[in-house]
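Below is coords_28.txt, holding compact mmCIF, C-alpha atoms.
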# COMPACT_ATOMS: atom_id res chain seq x y z
CA MET A 164 18.55 -20.71 32.29
CA ARG A 165 15.70 -18.59 31.03
CA GLY A 166 13.35 -19.28 33.91
CA LEU A 167 13.28 -15.65 34.93
CA SER A 168 11.52 -14.69 31.73
CA SER A 169 8.19 -15.81 33.17
CA LEU A 170 8.37 -13.18 35.93
CA CYS A 171 6.73 -9.78 35.56
CA ARG A 172 9.22 -7.52 33.76
CA SER A 173 7.58 -4.20 34.61
CA SER A 174 7.68 -4.15 38.37
CA TRP A 175 10.26 -6.65 39.64
CA LEU A 176 12.38 -5.29 42.47
CA SER A 177 14.91 -6.97 44.74
CA ARG A 178 16.94 -5.68 47.64
CA THR A 179 20.34 -6.67 49.01
CA ARG A 180 19.87 -5.58 52.61
CA ARG A 181 16.32 -4.48 53.44
CA GLU A 182 12.90 -5.61 52.34
CA ALA A 183 11.04 -2.26 52.44
CA PRO A 184 11.01 -0.55 49.01
CA PHE A 185 12.69 2.77 48.41
CA SER A 186 10.33 5.68 48.92
CA ILE A 187 11.63 7.25 45.71
CA LEU A 188 10.02 4.59 43.55
CA CYS A 189 6.50 5.17 42.32
CA SER A 190 3.98 3.52 40.05
CA ASN A 191 3.59 6.61 37.85
CA THR A 192 6.39 7.45 35.49
CA LEU A 193 7.86 10.82 34.56
CA CYS A 194 7.04 10.10 30.91
CA THR A 195 7.14 13.21 28.75
CA ASP A 196 4.75 11.75 26.19
CA ASN A 197 1.80 10.04 27.80
CA SER A 198 -1.16 11.28 25.80
CA ASP A 199 -4.36 9.22 25.98
CA GLY A 200 -2.77 7.08 28.65
CA VAL A 201 -0.53 5.29 26.11
CA GLN A 202 3.16 5.31 26.94
CA SER A 203 4.84 5.50 23.56
CA SER A 204 7.35 7.81 21.91
CA ARG A 205 6.13 9.82 18.94
CA ILE A 206 9.12 8.69 16.87
CA LYS A 207 9.91 5.00 16.66
CA ILE A 208 13.48 4.33 15.57
CA PHE A 209 14.50 1.39 17.73
CA ASP A 210 12.67 -1.82 18.56
CA ARG A 211 12.67 -1.61 22.37
CA HIS A 212 11.30 -5.14 22.74
CA PHE A 213 14.15 -6.50 20.62
CA ARG A 214 16.58 -4.29 22.52
CA ARG A 215 15.53 -6.04 25.73
CA LYS A 216 16.22 -9.41 24.09
CA GLN A 217 19.67 -8.15 23.09
CA LEU A 218 20.46 -7.31 26.70
CA ASP A 219 19.09 -10.67 27.84
CA ARG A 220 21.52 -12.36 25.45
CA ALA A 221 24.36 -10.04 26.46
CA ALA A 222 23.83 -11.00 30.12
CA TRP A 223 24.88 -14.55 29.22
CA LEU A 224 27.62 -13.62 26.74
CA MET A 225 29.15 -10.70 28.66
CA ARG A 226 32.82 -11.01 29.53
CA SER A 227 33.72 -10.89 33.20
CA LYS A 228 35.93 -7.86 32.53
CA ASP A 229 35.68 -6.03 29.22
CA SER A 230 38.58 -3.60 28.86
CA PHE A 231 36.64 -1.20 26.59
CA VAL A 232 33.50 -1.13 28.74
CA ASP A 233 35.58 -0.83 31.92
CA THR A 234 37.53 2.12 30.47
CA VAL A 235 34.35 3.98 29.53
CA ALA A 236 32.81 3.32 32.96
CA GLU A 237 36.01 4.39 34.72
CA ASN A 238 36.21 7.63 32.73
CA LEU A 239 32.58 8.41 33.51
CA LEU A 240 32.96 7.75 37.23
CA ASP A 241 36.15 9.84 37.35
CA ARG A 242 33.92 12.90 37.07
CA LEU A 243 32.58 12.19 40.54
CA GLU A 244 36.06 12.73 41.93
CA ASP A 245 36.01 16.29 40.56
CA CYS A 246 32.94 17.12 42.68
CA LYS A 247 33.17 18.13 46.34
CA LYS A 248 29.44 17.45 46.63
CA THR A 249 28.22 14.05 47.85
CA PHE A 250 25.41 12.06 46.24
CA PRO A 251 23.60 9.94 48.85
CA THR A 252 20.95 8.53 46.47
CA ALA A 253 21.83 7.43 42.94
CA LEU A 254 20.20 5.71 39.98
CA CYS A 255 22.30 3.72 37.52
CA LEU A 256 20.96 3.06 34.01
CA GLY A 257 22.35 1.66 30.79
CA GLY A 258 23.94 -1.45 29.37
CA SER A 259 27.16 -1.38 31.44
CA LEU A 260 25.60 -1.66 34.88
CA GLU A 261 27.90 -4.37 36.21
CA ALA A 262 31.04 -2.43 35.26
CA VAL A 263 29.75 0.78 36.88
CA ARG A 264 28.85 -1.01 40.11
CA ARG A 265 32.17 -2.87 40.25
CA LEU A 266 34.26 0.25 39.56
CA LEU A 267 32.31 2.66 41.78
CA ARG A 268 34.65 2.11 44.73
CA GLY A 269 33.07 4.65 47.05
CA ARG A 270 33.20 7.57 44.64
CA GLY A 271 30.47 10.13 45.15
CA ALA A 272 29.83 8.97 48.73
CA ILE A 273 26.75 7.07 47.51
CA GLU A 274 24.67 5.53 50.28
CA ARG A 275 21.70 4.18 48.32
CA LEU A 276 21.99 2.88 44.77
CA ILE A 277 19.27 1.71 42.37
CA ILE A 278 20.41 -0.39 39.41
CA MET A 279 17.82 -0.45 36.62
CA SER A 280 17.66 -2.13 33.23
CA THR A 281 14.97 -3.14 30.75
CA SER A 282 16.47 -6.65 30.79
CA HIS A 283 15.47 -9.05 33.53
CA ASP A 284 18.54 -11.21 32.90
CA MET A 285 20.87 -8.20 33.05
CA VAL A 286 19.40 -7.18 36.40
CA LYS A 287 19.87 -10.73 37.68
CA LEU A 288 23.50 -10.68 36.50
CA CYS A 289 24.15 -7.47 38.45
CA ARG A 290 22.42 -8.84 41.53
CA ASP A 291 24.51 -12.03 41.42
CA ALA A 292 27.70 -10.00 40.88
CA GLU A 293 26.90 -7.86 43.94
CA HIS A 294 28.31 -10.57 46.20
CA GLY A 295 31.73 -10.20 44.56
CA VAL A 296 31.89 -6.42 45.02
CA GLN A 297 34.29 -5.17 47.65
CA SER A 298 32.57 -4.41 50.93
CA GLU A 299 30.95 -0.99 50.65
CA ASN A 300 28.31 0.54 52.83
CA ILE A 301 25.91 1.01 49.91
CA GLU A 302 22.29 -0.05 50.12
CA THR A 303 21.63 -1.50 46.68
CA SER A 304 18.35 -2.21 44.89
CA PHE A 305 17.73 -3.86 41.54
CA MET A 306 14.79 -3.00 39.33
CA VAL A 307 13.47 -3.79 35.86
CA GLY A 308 12.37 -0.56 34.20
CA ASP A 309 12.60 1.47 31.01
CA GLU A 310 14.78 4.56 30.53
CA GLU A 311 12.02 6.08 28.42
CA PHE A 312 9.51 5.85 31.30
CA LEU A 313 11.38 6.26 34.58
CA PRO A 314 9.37 4.85 37.54
CA VAL A 315 10.93 7.37 39.93
CA LYS A 316 9.42 10.21 41.92
CA GLU A 317 10.28 13.76 40.96
CA SER A 318 13.13 15.40 42.89
CA SER A 319 14.10 12.16 44.63
CA LEU A 320 17.64 11.47 43.38
CA ASP A 321 21.01 13.14 43.87
CA LEU A 322 22.71 11.43 40.94
CA VAL A 323 21.73 9.71 37.68
CA ILE A 324 24.39 7.68 35.87
CA SER A 325 23.86 6.18 32.42
CA CYS A 326 26.73 4.28 30.84
CA LEU A 327 26.33 3.17 27.20
CA GLY A 328 22.56 2.92 27.21
CA LEU A 329 20.74 6.13 26.32
CA HIS A 330 21.73 6.00 22.63
CA TRP A 331 19.16 3.20 22.26
CA THR A 332 16.18 5.31 23.35
CA ASN A 333 13.60 6.45 20.79
CA ASP A 334 13.21 9.81 22.54
CA LEU A 335 16.63 10.79 23.85
CA PRO A 336 15.66 14.38 24.80
CA GLY A 337 12.58 13.04 26.61
CA ALA A 338 14.63 10.47 28.52
CA MET A 339 17.07 13.18 29.58
CA ILE A 340 14.22 15.45 30.67
CA GLN A 341 12.86 12.63 32.85
CA SER A 342 16.31 12.19 34.38
CA ARG A 343 16.44 15.91 35.19
CA LEU A 344 12.99 15.82 36.78
CA ALA A 345 14.01 12.83 38.90
CA LEU A 346 16.99 14.77 40.28
CA LYS A 347 16.83 16.97 43.34
CA PRO A 348 17.90 20.61 42.88
CA ASP A 349 21.67 20.65 42.34
CA GLY A 350 21.55 16.96 41.39
CA LEU A 351 24.04 15.63 38.82
CA PHE A 352 23.40 13.82 35.53
CA LEU A 353 26.27 11.79 34.05
CA ALA A 354 25.95 9.89 30.78
CA ALA A 355 28.15 8.17 28.23
CA ILE A 356 26.75 7.36 24.79
CA LEU A 357 28.26 6.10 21.56
CA GLY A 358 28.82 8.85 19.00
CA GLY A 359 28.33 9.01 15.26
CA GLU A 360 31.90 8.02 14.36
CA THR A 361 31.47 4.64 16.08
CA LEU A 362 32.13 1.62 13.84
CA LYS A 363 32.83 3.80 10.80
CA GLU A 364 34.99 1.02 9.32
CA LEU A 365 32.16 -1.49 9.61
CA ARG A 366 29.70 0.95 8.05
CA ILE A 367 31.95 1.35 5.01
CA ALA A 368 32.52 -2.40 4.64
CA CYS A 369 28.80 -3.16 4.97
CA THR A 370 27.86 -0.53 2.40
CA VAL A 371 30.39 -1.73 -0.19
CA ALA A 372 29.48 -5.39 0.33
CA GLN A 373 25.75 -4.78 -0.02
CA MET A 374 26.22 -2.71 -3.16
CA GLU A 375 28.33 -5.45 -4.70
CA ARG A 376 26.23 -8.45 -3.66
CA GLU A 377 22.69 -7.07 -3.45
CA GLY A 378 22.73 -3.98 -5.64
CA GLY A 379 21.54 -1.71 -2.84
CA ILE A 380 21.92 -0.96 0.85
CA SER A 381 19.79 -1.39 3.94
CA PRO A 382 20.48 -0.06 7.46
CA ARG A 383 22.73 -2.48 9.31
CA ILE A 384 24.17 -0.12 11.94
CA SER A 385 22.02 2.05 14.19
CA PRO A 386 22.13 5.86 13.83
CA LEU A 387 24.00 7.65 16.60
CA ALA A 388 24.17 11.23 17.87
CA GLN A 389 26.90 13.58 16.68
CA VAL A 390 29.17 15.47 19.06
CA ARG A 391 27.65 18.81 18.05
CA ASP A 392 24.22 17.54 19.12
CA ALA A 393 25.22 16.56 22.66
CA GLY A 394 25.38 20.10 24.07
CA ASN A 395 22.07 20.94 22.43
CA LEU A 396 20.51 17.86 24.02
CA LEU A 397 21.62 18.92 27.50
CA THR A 398 20.32 22.45 26.98
CA ARG A 399 17.05 21.22 25.52
CA ALA A 400 16.57 18.91 28.51
CA GLY A 401 16.94 21.92 30.83
CA PHE A 402 20.25 21.07 32.50
CA SER A 403 22.41 23.79 33.98
CA LEU A 404 26.19 24.03 33.50
CA PRO A 405 26.21 21.53 30.60
CA GLY A 406 29.49 19.90 29.70
CA VAL A 407 30.45 17.62 26.81
CA ASP A 408 33.70 15.88 25.98
CA VAL A 409 34.68 13.08 23.64
CA ASP A 410 36.98 10.07 23.69
CA GLU A 411 37.80 7.94 20.67
CA PHE A 412 38.96 4.36 21.16
CA VAL A 413 40.39 2.08 18.50
CA VAL A 414 40.00 -1.58 19.46
CA ARG A 415 41.78 -4.23 17.42
CA TYR A 416 40.25 -7.64 16.65
CA PRO A 417 41.59 -10.78 14.93
CA SER A 418 38.73 -10.59 12.39
CA ALA A 419 35.41 -8.93 11.64
CA LEU A 420 33.61 -11.94 13.10
CA ASP A 421 35.35 -11.34 16.44
CA LEU A 422 34.14 -7.73 16.33
CA VAL A 423 30.55 -8.87 15.81
CA GLU A 424 30.84 -11.32 18.71
CA HIS A 425 32.08 -8.52 20.96
CA LEU A 426 29.17 -6.30 19.90
CA ARG A 427 26.76 -9.10 20.78
CA ALA A 428 28.38 -9.53 24.19
CA MET A 429 27.94 -5.80 24.82
CA GLY A 430 24.35 -5.80 23.53
CA GLU A 431 25.29 -3.28 20.81
CA THR A 432 24.07 -4.99 17.65
CA ASN A 433 21.42 -3.60 15.29
CA ALA A 434 18.07 -2.87 16.98
CA LEU A 435 16.44 -0.68 14.36
CA LEU A 436 12.69 -1.06 14.13
CA GLN A 437 12.83 -1.28 10.32
CA ARG A 438 15.95 -3.41 10.15
CA ASN A 439 16.41 -6.15 7.59
CA THR A 440 16.22 -9.33 9.64
CA ILE A 441 17.88 -11.44 6.94
CA LEU A 442 21.60 -11.19 6.24
CA LYS A 443 22.73 -13.31 3.31
CA ARG A 444 25.75 -15.49 3.94
CA GLU A 445 27.58 -14.20 0.88
CA THR A 446 26.99 -10.59 1.99
CA ALA A 447 28.35 -11.34 5.47
CA LEU A 448 31.46 -13.02 4.06
CA ALA A 449 31.96 -10.18 1.58
CA THR A 450 31.71 -7.65 4.42
CA ALA A 451 34.40 -9.48 6.40
CA ALA A 452 36.65 -9.72 3.33
CA ILE A 453 36.24 -6.04 2.42
CA TYR A 454 36.84 -5.00 6.03
CA ASP A 455 40.07 -6.99 6.05
CA SER A 456 41.28 -5.70 2.67
CA MET A 457 40.55 -2.03 3.45
CA PHE A 458 41.53 -1.71 7.10
CA ALA A 459 43.68 -4.66 8.21
CA ALA A 460 47.04 -3.87 9.81
CA GLU A 461 50.32 -5.59 9.02
CA ASP A 462 49.84 -8.00 11.89
CA GLY A 463 46.50 -9.14 10.43
CA THR A 464 44.26 -7.46 13.01
CA ILE A 465 41.44 -5.10 12.08
CA PRO A 466 40.62 -1.81 13.85
CA ALA A 467 37.18 -0.75 15.09
CA THR A 468 36.57 2.85 16.17
CA PHE A 469 34.34 3.61 19.14
CA GLN A 470 33.52 7.26 19.74
CA VAL A 471 32.22 7.89 23.25
CA ILE A 472 30.46 11.15 24.14
CA TYR A 473 30.38 12.07 27.83
CA MET A 474 27.65 14.44 28.98
CA THR A 475 27.44 16.27 32.30
CA GLY A 476 24.54 18.40 33.51
CA TRP A 477 23.08 19.70 36.76
CA ARG A 478 19.54 20.39 37.84
CA ASP A 479 19.10 24.08 38.44
CA HIS A 480 19.84 25.48 41.92
CA PRO A 481 20.27 29.07 43.21
CA SER A 482 23.82 28.32 44.41
CA GLN A 483 25.09 27.53 40.90
CA GLN A 484 27.13 29.97 38.84
CA ARG A 485 25.03 32.11 36.53
CA ALA A 486 25.72 34.55 33.74
CA LYS A 487 25.20 38.19 34.67
CA ARG A 488 22.11 40.00 33.44
CA ARG A 489 22.56 41.59 30.02
CA GLY A 490 23.64 45.23 30.39
CA SER A 491 24.81 44.86 33.99
CA ALA A 492 28.52 45.32 33.20
CA THR A 493 30.27 48.22 34.95
CA VAL A 494 33.39 48.29 32.73
CA SER A 495 33.28 48.72 28.96
CA PHE A 496 35.54 46.94 26.48
CA GLN A 497 36.78 50.34 25.32
CA ASP A 498 38.16 51.04 28.81
CA ILE A 499 39.84 47.63 28.87
CA GLN A 500 41.37 48.28 25.47
CA LYS A 501 42.75 51.63 26.60
CA GLN A 502 44.21 50.06 29.74
CA PHE A 503 45.92 47.05 28.17
CA GLY A 504 46.49 48.41 24.65
CA SER A 505 45.23 47.27 21.28
CA GLU A 506 46.28 43.92 19.89
CA SER A 507 47.08 45.59 16.57
How does the structure come out when it is put into structure tokens?
Amino acid sequence: MRGLSSLCRSSWLSRTRREAPFSILCSNTLCTDNSDGVQSSRIKIFDRHFRRKQLDRAAWLMRSKDSFVDTVAENLLDRLEDCKKTFPTALCLGGSLEAVRRLLRGRGAIERLIIMSTSHDMVKLCRDAEHGVQSENIETSFMVGDEEFLPVKESSLDLVISCLGLHWTNDLPGAMIQSRLALKPDGLFLAAILGGETLKELRIACTVAQMEREGGISPRISPLAQVRDAGNLLTRAGFSLPGVDVDEFVVRYPSALDLVEHLRAMGETNALLQRNTILKRETALATAAIYDSMFAAEDGTIPATFQVIYMTGWRDHPSQQRAKRRGSATVSFQDIQKQFGSES
């Protein structure tokens, strides 16, 4: 089952139709922090090696059709239907690759698609699932690579899609800058990440249980970006026409243990670098009991909130709408007020 783990994880590439590699792939990355030849983020929050193991496990636990993941992927891909522009070459990143590929259904007029993950087993899952996808004239490649160090040539893509993956990067602005550099002028960046209100019920239950049983708290749930930060991230990464919107989903589970199993199947459990690797049994049971006592519904189910932040940005192009130069107005607000009257 784990035989693939012996293969090289940094440069494995497979094709579904042709053997020649895409010309957009390159050995040098677009890394924004590559001083002294060492590819590492300045700030280490997440354990990327452990994150890859999480995705390896999720590849075997993942449900064939997860209603939450499918809804997020569908909402993200719906944005392609609002664009008259076509996107011949696309790169798909993140933890929900299989759902994005299955639900693409010709949107965006994509002709060549690269599916990339840090997990070898996740890439294999997507490659095996490719045979069950409805017949589409899409030339698909599968590659093991890291979102923090994109192995893609500059200005080589028309579209970058990331569904539920970028919130695990140590340098989120840097990863978004690399995505922008990989896009051609007027290329589109689409991303969905989990927001700061995600699993707020579980955070409360964990905190109370640890205070009661251990006399203190340790980080059990990864930090996530707030909605107010998303627009700043797009602007900081240099995207034009940035757009941000939010969805909040409440998923109900029979128990807290079922919630944890679902998080494992999605690859969304704790991957903090300084996480406490030991969870006492009594603390886990206390967390489940507190969760049930504080949030359970009349039917016995418990709610779990997932906040999803959708981000849209374009690489700069002369044809895009732009704000007028300061002082270039030909009509003053005083003239407008005289014409239409004062509100008071």
*Please provide the set of residues having any atom within 8 Å of Met279 of chain A, restricted to all atoms listed in the file, with same-chain residues fewer than 4 positions apart removed, written as an MDAnalysis selection string.*
chainID A and resid 254:257 286 305:309
I'd like to know which of A:Gly271, A:Gly258, A:Gly463, A:Pro251 is closest to Thr332 of chain A, using all atoms listed in the file.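 When distances to Thr332 of chain A are compared using all atoms listed in the file, the smallest one comes from A:Gly258.
Considering all atoms listed in the file, the residue among A:Leu344, A:Cys369, A:Leu239, A:Ile499 positioned nearest to Ser259 of chain A is A:Leu239.
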Padding of 5 Å on every side, edges along x, y and z, all listed atoms of segment 309-316 of chain A included: what centre and edge lengths in Å, to one decimal, does that box have, as JSON?
{"center_x": 12.1, "center_y": 5.8, "center_z": 35.2, "size_x": 15.4, "size_y": 18.7, "size_z": 23.5}
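What separates atom CA of Glu261 of chain A from atom CA of Val471 of chain A is a distance of 18.4 Å.
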A:Thr398, A:Gln389, A:Gln341, A:Thr370: which is nearest Thr475 of chain A, counting all atoms listed in the file?
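Result for the nearest residue to Thr475 of chain A: A:Thr398.
Considering the residues A:Leu329, A:Ala459, A:Ala400, A:Val494 and counting all atoms listed in the file, Tyr473 of chain A has its shortest atom-to-atom contact with A:Leu329.
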query = Of the candidates A:Cys246, A:Ala434, A:Met374, A:Ala467, which shows the shortest atom-to-atom distance to Arg415 of chain A, using all atoms listed in the file?
reply =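 Checking each candidate against Arg415 of chain A, we get A:Ala467 as the closest.
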Residue nearest Ala253 of chain A - candidates A:Phe469, A:Phe352, A:Trp477, A:Trp223, atoms counted: all atoms listed in the file: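 Answer, going by the shortest atom-to-atom distance: A:Phe352.
Residues lying within 8 Å of segment 264-269 of chain A, counting all atoms listed in the file and ignoring same-chain neighbours fewer than 2 positions away, are Asp233, Ala236, Glu237, Leu240, Leu260, Glu261, Ala262, Gly271, Ala272, Ile273, Val296, Gln297 and Glu299 of chain A.
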Interatomic distance (Å, one decimal) between atom CA of Ala452 of chain A and atom CA of Glu377 of chain A: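 Taking atom CA of Ala452 of chain A and atom CA of Glu377 of chain A, their separation equals 15.7 Å.
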May I have the residues at most 10 Å from (31.3, -1.9, 16.3) in the file's coordinates, counting only C-alpha atoms, as a list in words?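 Residues close enough to count: Thr361, Leu362, Lys363, Glu364, Leu365, Arg366, Ile384, Val414, Ala419, Leu422, Val423, Glu424, His425, Leu426, Arg427, Met429, Glu431, Thr432, Pro466, Ala467, Thr468 and Phe469 of chain A.
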